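Colleague: Quick one: structure below, then a few questions.
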Amino acid sequence: MSALFEIRGLSKRIPSAYESTGERVLLNHINAIIREPESIAIMGASGQGKSTMLRILACLDSADEGEMYKRGASCSSMEPAKWRSQVCYVAQHAVMLPGSVEDNLRTVSRLHGTEYEQSLAERLIERSGLAHLPMKGPAEDLSGGEKQRLALVRSLLLRPSVLLLDEVTASLDSISARLVEDVLMDWHREEGTALIWVTHQADQAVRVASRMWTLEDGRLTEDGNRDHYIDSAENEVIGSVRER
Ligand SMILES: Nc1ncnc2c1ncn2[C@@H]1O[C@H](COP(=O)(O)OP(=O)(O)OP(=O)(O)O)[C@@H](O)[C@H]1O
Ligand SMILES: [Mg+2]
């Protein structure tokens, strides 16, 4: 069967006043394969392109070269909205849709033509530590951490196959962050959703991920037993590792 998710030859250049060429290669021919639902952490210094990469994977930004495949279907062969509901990006800085907390939960289902699962929404809201929120109150009035969790619940309601999590606990205190980790790991196990977490916290990466990737100088490498991944066809991950 085709891999759950595959990235082939992804490159992105951005304008740069510091380079003689006038551009910087932010992502340099990145390849990766996720064969089955896994939980993967992506680490890397600020400005290395982690958010940009996730946004490209979710078809929210464009690459200069490369393609993504979900179960063998290419991103470019799919309606962007359909791709985004299946390969769903949860932003570093959550943006609320207009209206109330409940509107935010319902609108996403409406936009994607899926049924709104109220009992699931209520359960996820409660488990994410948001039971205190007035459902009819304006979403814009929520705190940063509340917005981040509401955005996450909103995304889960789409039941994506791949969830791209961009520092989703960055605005949270440690107790709320652990709640969110638990919600996501339970979801991962129960629903079989692949998780790709960008995080700056090594302890979080160790808790939630079975594989760890590092983005540095445009290259994606796998931490841990690197040679194993280079040699193993079963776990072909990073083409760029081989080129080093
Ligand atoms: N479309 C674009 N045009 C110009 N520069 C861009 C564009 N997209 C991203 N960048 C630049 O690319 C770099 C990487 O940004 P990105 O937000 O992806 O980094 P990051 O690894 O997520 O950083 P952080 O850990 O701070 O969130 C930044 O310098 C950013 O300004
Ligand atoms: Mg970022």
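Each chain in the structure tokens gets a letter, A, B and so on, in the order shown; residues start at 1 in every chain, and ligands are counted from 1 in the order they appear.
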List the spatial neighbours of A:Ser161 as a list of chain:residue names - criterion: any atom at most 9 Å away, only C-alpha atoms, same-chain residues fewer than 4 positions off excluded.

Modeller: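 Using only C-alpha atoms, the neighbours found are A:Leu4, A:Pro37, A:Lys70, A:Ser85, A:Gln86, A:Val87, A:Cys88, A:Glu191, A:Gly192, A:Thr193, A:Ala194, A:Leu195.
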
Colleague: For the selection just defined, write its residues with all heavy atoms to a file, as a CSV table (one decimal), in the first residue's frame.

Modeller:
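Done, and the output landed in part-v3.csv:
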chain,number,residue,atom,x,y,z
A,4,LEU,N,1.4,6.5,4.0
A,4,LEU,CA,0.4,7.4,4.5
A,4,LEU,C,0.7,8.8,4.0
A,4,LEU,O,-0.2,9.5,3.5
A,4,LEU,CB,0.4,7.3,6.0
A,4,LEU,CG,-0.5,8.4,6.7
A,4,LEU,CD1,-1.9,8.3,6.3
A,4,LEU,CD2,-0.3,8.3,8.2
A,37,PRO,N,0.5,5.6,10.6
A,37,PRO,CA,0.4,6.7,11.5
A,37,PRO,C,1.5,6.7,12.6
A,37,PRO,O,1.7,5.7,13.2
A,37,PRO,CB,-0.9,6.4,12.2
A,37,PRO,CG,-1.7,5.6,11.2
A,37,PRO,CD,-0.7,4.8,10.4
A,70,LYS,N,-0.5,11.9,-0.3
A,70,LYS,CA,-1.2,11.2,0.8
A,70,LYS,C,-1.8,10.0,0.2
A,70,LYS,O,-2.6,10.0,-0.7
A,70,LYS,CB,-2.3,12.2,1.3
A,70,LYS,CG,-2.8,11.8,2.7
A,70,LYS,CD,-3.9,12.6,3.1
A,70,LYS,CE,-5.2,12.2,2.5
A,70,LYS,NZ,-5.7,10.9,2.7
A,85,SER,N,-8.2,19.7,4.6
A,85,SER,CA,-9.1,19.1,5.7
A,85,SER,C,-8.5,17.7,6.0
A,85,SER,O,-8.8,17.2,7.1
A,85,SER,CB,-10.5,18.9,5.2
A,85,SER,OG,-10.6,17.9,4.2
A,86,GLN,N,-7.6,17.2,5.2
A,86,GLN,CA,-7.0,15.9,5.5
A,86,GLN,C,-5.6,16.0,6.0
A,86,GLN,O,-5.1,15.1,6.7
A,86,GLN,CB,-7.1,15.0,4.2
A,86,GLN,CG,-8.5,14.7,3.8
A,86,GLN,CD,-8.5,13.9,2.5
A,86,GLN,OE1,-7.5,13.5,2.0
A,86,GLN,NE2,-9.7,13.7,2.0
A,87,VAL,N,-4.9,17.0,5.6
A,87,VAL,CA,-3.6,17.3,6.0
A,87,VAL,C,-3.7,18.7,6.7
A,87,VAL,O,-3.5,19.7,6.1
A,87,VAL,CB,-2.6,17.3,4.9
A,87,VAL,CG1,-1.2,17.5,5.4
A,87,VAL,CG2,-2.6,16.0,4.1
A,88,CYS,N,-4.0,18.7,8.0
A,88,CYS,CA,-4.5,19.9,8.6
A,88,CYS,C,-3.5,20.6,9.5
A,88,CYS,O,-2.8,19.9,10.3
A,88,CYS,CB,-5.7,19.4,9.5
A,88,CYS,SG,-6.7,20.7,10.1
A,191,GLU,N,-7.6,7.2,16.7
A,191,GLU,CA,-8.1,7.6,15.4
A,191,GLU,C,-7.1,7.2,14.3
A,191,GLU,O,-7.4,7.3,13.1
A,191,GLU,CB,-8.4,9.1,15.3
A,191,GLU,CG,-9.4,9.6,16.2
A,191,GLU,CD,-10.8,9.1,15.7
A,191,GLU,OE1,-11.1,9.1,14.5
A,191,GLU,OE2,-11.7,8.8,16.6
A,192,GLY,N,-5.8,6.9,14.7
A,192,GLY,CA,-4.8,6.6,13.7
A,192,GLY,C,-4.4,7.8,12.9
A,192,GLY,O,-4.0,7.6,11.7
A,193,THR,N,-4.4,8.9,13.6
A,193,THR,CA,-4.0,10.1,12.9
A,193,THR,C,-2.4,10.3,13.1
A,193,THR,O,-1.9,10.1,14.2
A,193,THR,CB,-4.7,11.4,13.5
A,193,THR,OG1,-6.1,11.2,13.4
A,193,THR,CG2,-4.3,12.7,12.8
A,194,ALA,N,-1.7,10.6,12.0
A,194,ALA,CA,-0.3,10.8,12.1
A,194,ALA,C,-0.1,12.3,12.6
A,194,ALA,O,-0.8,13.2,12.2
A,194,ALA,CB,0.4,10.7,10.7
A,195,LEU,N,0.8,12.4,13.5
A,195,LEU,CA,1.1,13.7,14.1
A,195,LEU,C,2.5,14.2,13.8
A,195,LEU,O,3.4,13.4,13.9
A,195,LEU,CB,0.9,13.7,15.7
A,195,LEU,CG,-0.4,13.1,16.2
A,195,LEU,CD1,-0.3,13.1,17.8
A,195,LEU,CD2,-1.6,13.9,15.8

Colleague: Let's see if you can do this: from backbone DSSP, list all helix (DSSP H, G or I) residues in stretch 71-139 of chain A, as a PyMOL selection string.

Modeller: chain A and resi 75-77+80-86+101-112+118-127+139

Colleague: Kindly indicate which residue among A:Leu10, A:Val153, A:Ala94, A:Ala139 lies nearest to A:Val25, using only C-alpha atoms for the distances.

Modeller: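 Smallest distance to A:Val25 is found for A:Leu10.
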
Colleague: Can I get the residues close to ligand 1 as JSON, numbers by chain, where close means within 6 Å and we count only C-alpha atoms and all ligand atoms?

Modeller: {"A": [14, 15, 45, 46, 47, 48, 49, 50, 51, 52]}

Colleague: If we count only C-alpha atoms, what is near A:Val108 at a cut-off of 10 Å, once residues fewer than 3 positions away on the same chain are taken out, given as a ChimeraX atom specification?

Modeller: /A:85,97,103-105,111-116,154-155,157-158

Colleague: Please produce an output containing C-alpha atoms for each residue in the selection, written as a JSON list (two decimals), in the first residue's frame.

Modeller:
[["chain", "number", "residue", "atom", "x", "y", "z"],
["A", 85, "SER", "CA", -9.07, 19.08, 5.65],
["A", 97, "LEU", "CA", -12.97, 32.84, 12.70],
["A", 103, "ASP", "CA", -19.40, 29.40, 15.64],
["A", 104, "ASN", "CA", -15.70, 28.60, 15.39],
["A", 105, "LEU", "CA", -16.37, 24.95, 16.03],
["A", 111, "LEU", "CA", -17.00, 24.97, 5.18],
["A", 112, "HIS", "CA", -15.80, 21.44, 4.54],
["A", 113, "GLY", "CA", -19.27, 19.95, 4.14],
["A", 114, "THR", "CA", -18.90, 17.54, 7.04],
["A", 115, "GLU", "CA", -21.33, 16.81, 9.84],
["A", 116, "TYR", "CA", -20.82, 18.79, 13.05],
["A", 154, "ARG", "CA", -11.58, 22.86, 15.51],
["A", 155, "SER", "CA", -8.98, 20.93, 13.52],
["A", 157, "LEU", "CA", -13.29, 17.84, 14.34],
["A", 158, "LEU", "CA", -12.24, 17.48, 10.69]]

Colleague: Find the residues near ligand 2. Use a cut-off of 12 Å, count only C-alpha atoms and all ligand atoms, and write them as a list in words.

Modeller: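 Within the 12 Å cut-off, the matching residues are Ile42, Met43, Gly44, Ala45, Ser46, Gly47, Gln48, Gly49, Lys50, Ser51, Thr52, Met53, Leu54, Arg55, Val90, Ala91, Gln92, His93, Leu164, Leu165, Asp166, Glu167, Val168, Ala170, Trp197, Val198, Thr199, His200 and Leu215 of chain A.
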
Colleague: Distance atom CA of A:Leu26-atom CA of A:Leu220, one decimal place?

Modeller: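 Interatomic distance here is 11.1 Å.
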
Colleague: For each of A:Ser11, A:Thr221, A:Arg178, A:Glu23, take the minimum atom-to-atom distance to A:Ser62, counting only C-alpha atoms, then give the residue where this is smallest.

Modeller: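 The closest residue to A:Ser62 is A:Ser11.
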
Colleague: Run DSSP on the backbone and give me the residues of stretch 3-216 of chain A it puts in strand (DSSP E or B), as JSON, numbers by chain.

Modeller: {"A": [5, 6, 7, 8, 9, 10, 11, 12, 13, 14, 15, 23, 24, 25, 26, 27, 28, 29, 30, 31, 32, 33, 34, 39, 40, 41, 42, 43, 65, 66, 67, 68, 69, 70, 73, 74, 87, 88, 89, 90, 100, 138, 162, 163, 164, 165, 166, 194, 195, 196, 197, 198, 211, 212, 213, 214, 215, 216]}

Colleague: Counting only C-alpha atoms, which residue out of A:Gly9, A:Thr107, A:Ser143, A:Arg159 sits closest to A:Trp187?

Modeller: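 The shortest atom-to-atom distance to A:Trp187 comes from A:Arg159.
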
Colleague: List every residue of stretch 144-210 of chain A that has an atom at most 12 Å from any atom of stretch 131-136 of chain A, and for each one report the closest atom pair and its distance in Å to one decimal, counting only C-alpha atoms, with rows sorted by chain and then by increasing residue number, as a Markdown table.

Modeller:
| residue | atom | partner | partner_atom | distance |
| --- | --- | --- | --- | --- |
| A:Glu146 | CA | A:Leu133 | CA | 8.7 |
| A:Lys147 | CA | A:Leu133 | CA | 10.8 |
| A:Arg149 | CA | A:Leu133 | CA | 11.4 |
| A:Leu150 | CA | A:Leu133 | CA | 10.0 |

Colleague: Which residue out of A:Gly66, A:Gly129, A:Pro98, A:Gly72 has the minimum interatomic distance to A:Glu181 when only C-alpha atoms are used?

Modeller: A:Gly129

Colleague: Quick one: pull the distance between atom CA of A:Ala121 and atom CA of A:Leu179, Å, one decimal.

Modeller: 15.8 Å

Colleague: What gap, in Å, lies between atom CA of A:Ser39 and atom CA of A:Asp182?

Modeller: 12.8 Å

Colleague: Tell me which protein, DNA and RNA residues are within 10 Å of A:Tyr69, counting only C-alpha atoms, leaving out same-chain ones fewer than 4 positions away, and put them as a ChimeraX atom specification.

Modeller: /A:2-8,33,57,73-77,83

Colleague: Write the residues you've just listed into a file as a tab-separated table (two decimals), in the first residue's frame, and include all heavy atoms for each of them.

Modeller:
chain	number	residue	atom	x	y	z
A	2	SER	N	0.38	2.31	-0.61
A	2	SER	CA	1.15	3.56	-0.63
A	2	SER	C	1.37	4.06	0.79
A	2	SER	O	0.58	3.80	1.69
A	2	SER	CB	0.38	4.65	-1.37
A	2	SER	OG	-0.10	4.17	-2.58
A	3	ALA	N	2.45	4.83	0.94
A	3	ALA	CA	2.75	5.42	2.25
A	3	ALA	C	1.61	6.35	2.66
A	3	ALA	O	0.94	6.94	1.81
A	3	ALA	CB	4.06	6.20	2.16
A	4	LEU	N	1.42	6.45	3.97
A	4	LEU	CA	0.40	7.37	4.46
A	4	LEU	C	0.67	8.80	3.97
A	4	LEU	O	-0.23	9.51	3.54
A	4	LEU	CB	0.39	7.34	6.00
A	4	LEU	CG	-0.47	8.39	6.71
A	4	LEU	CD1	-1.93	8.27	6.32
A	4	LEU	CD2	-0.31	8.28	8.20
A	5	PHE	N	1.95	9.17	4.02
A	5	PHE	CA	2.30	10.54	3.61
A	5	PHE	C	3.74	10.54	3.10
A	5	PHE	O	4.60	9.87	3.66
A	5	PHE	CB	2.20	11.47	4.82
A	5	PHE	CG	2.21	12.92	4.46
A	5	PHE	CD1	1.12	13.50	3.82
A	5	PHE	CD2	3.30	13.72	4.73
A	5	PHE	CE1	1.12	14.84	3.48
A	5	PHE	CE2	3.31	15.07	4.39
A	5	PHE	CZ	2.22	15.63	3.76
A	6	GLU	N	3.93	11.26	2.03
A	6	GLU	CA	5.27	11.31	1.46
A	6	GLU	C	5.60	12.71	0.97
A	6	GLU	O	4.75	13.39	0.40
A	6	GLU	CB	5.37	10.31	0.30
A	6	GLU	CG	6.77	10.23	-0.25
A	6	GLU	CD	6.98	9.07	-1.21
A	6	GLU	OE1	6.03	8.30	-1.46
A	6	GLU	OE2	8.11	8.95	-1.71
A	7	ILE	N	6.83	13.12	1.22
A	7	ILE	CA	7.32	14.42	0.74
A	7	ILE	C	8.45	14.11	-0.24
A	7	ILE	O	9.38	13.38	0.10
A	7	ILE	CB	7.90	15.25	1.90
A	7	ILE	CG1	6.88	15.41	3.03
A	7	ILE	CG2	8.38	16.61	1.41
A	7	ILE	CD1	7.48	15.98	4.33
A	8	ARG	N	8.36	14.64	-1.45
A	8	ARG	CA	9.41	14.36	-2.44
A	8	ARG	C	9.98	15.65	-2.99
A	8	ARG	O	9.28	16.46	-3.60
A	8	ARG	CB	8.82	13.58	-3.62
A	8	ARG	CG	8.65	12.12	-3.32
A	8	ARG	CD	8.38	11.36	-4.63
A	8	ARG	NE	7.49	10.25	-4.37
A	8	ARG	CZ	6.66	9.73	-5.24
A	8	ARG	NH1	6.59	10.22	-6.47
A	8	ARG	NH2	5.88	8.72	-4.91
A	33	ILE	N	9.28	10.00	4.27
A	33	ILE	CA	8.17	9.06	4.12
A	33	ILE	C	7.62	8.72	5.51
A	33	ILE	O	8.39	8.40	6.42
A	33	ILE	CB	8.61	7.76	3.43
A	33	ILE	CG1	8.98	8.04	1.97
A	33	ILE	CG2	7.50	6.72	3.49
A	33	ILE	CD1	9.38	6.80	1.19
A	57	LEU	N	3.27	21.79	3.46
A	57	LEU	CA	2.68	20.44	3.53
A	57	LEU	C	1.16	20.51	3.55
A	57	LEU	O	0.48	19.63	3.03
A	57	LEU	CB	3.18	19.68	4.76
A	57	LEU	CG	4.69	19.43	4.87
A	57	LEU	CD1	5.01	18.55	6.06
A	57	LEU	CD2	5.24	18.81	3.59
A	73	ALA	N	-1.91	9.86	-3.47
A	73	ALA	CA	-2.56	10.95	-4.22
A	73	ALA	C	-1.77	12.24	-4.02
A	73	ALA	O	-1.50	12.63	-2.88
A	73	ALA	CB	-4.00	11.13	-3.74
A	74	SER	N	-1.42	12.89	-5.13
A	74	SER	CA	-0.59	14.09	-4.99
A	74	SER	C	-1.43	15.28	-4.56
A	74	SER	O	-2.63	15.36	-4.86
A	74	SER	CB	0.11	14.40	-6.31
A	74	SER	OG	-0.84	14.80	-7.26
A	75	CYS	N	-0.77	16.19	-3.89
A	75	CYS	CA	-1.43	17.42	-3.43
A	75	CYS	C	-1.98	18.19	-4.64
A	75	CYS	O	-3.11	18.68	-4.62
A	75	CYS	CB	-0.43	18.26	-2.66
A	75	CYS	SG	-1.06	19.83	-2.12
A	76	SER	N	-1.17	18.26	-5.70
A	76	SER	CA	-1.59	19.08	-6.84
A	76	SER	C	-2.77	18.48	-7.60
A	76	SER	O	-3.41	19.17	-8.39
A	76	SER	CB	-0.41	19.32	-7.79
A	76	SER	OG	0.12	18.09	-8.19
A	77	SER	N	-3.08	17.21	-7.34
A	77	SER	CA	-4.22	16.60	-8.04
A	77	SER	C	-5.51	16.77	-7.24
A	77	SER	O	-6.58	16.36	-7.67
A	77	SER	CB	-3.97	15.10	-8.26
A	77	SER	OG	-3.99	14.42	-7.02
A	83	TRP	N	-7.56	18.83	0.44
A	83	TRP	CA	-6.24	18.46	0.98
A	83	TRP	C	-6.09	19.01	2.40
A	83	TRP	O	-5.68	18.29	3.32
A	83	TRP	CB	-5.14	19.00	0.07
A	83	TRP	CG	-3.77	18.67	0.55
A	83	TRP	CD1	-3.00	19.41	1.43
A	83	TRP	CD2	-2.99	17.51	0.23
A	83	TRP	NE1	-1.80	18.79	1.65
A	83	TRP	CE2	-1.77	17.61	0.92
A	83	TRP	CE3	-3.20	16.39	-0.59
A	83	TRP	CZ2	-0.75	16.66	0.84
A	83	TRP	CZ3	-2.20	15.44	-0.67
A	83	TRP	CH2	-0.99	15.57	0.03

Colleague: Need to verify the contact set: A:Leu60, 9 Å, only C-alpha atoms, exclusion of same-chain residues closer than 6 positions in sequence. Can you return it as a PyMOL selection string?

Modeller: chain A and resi 54+80+84+89
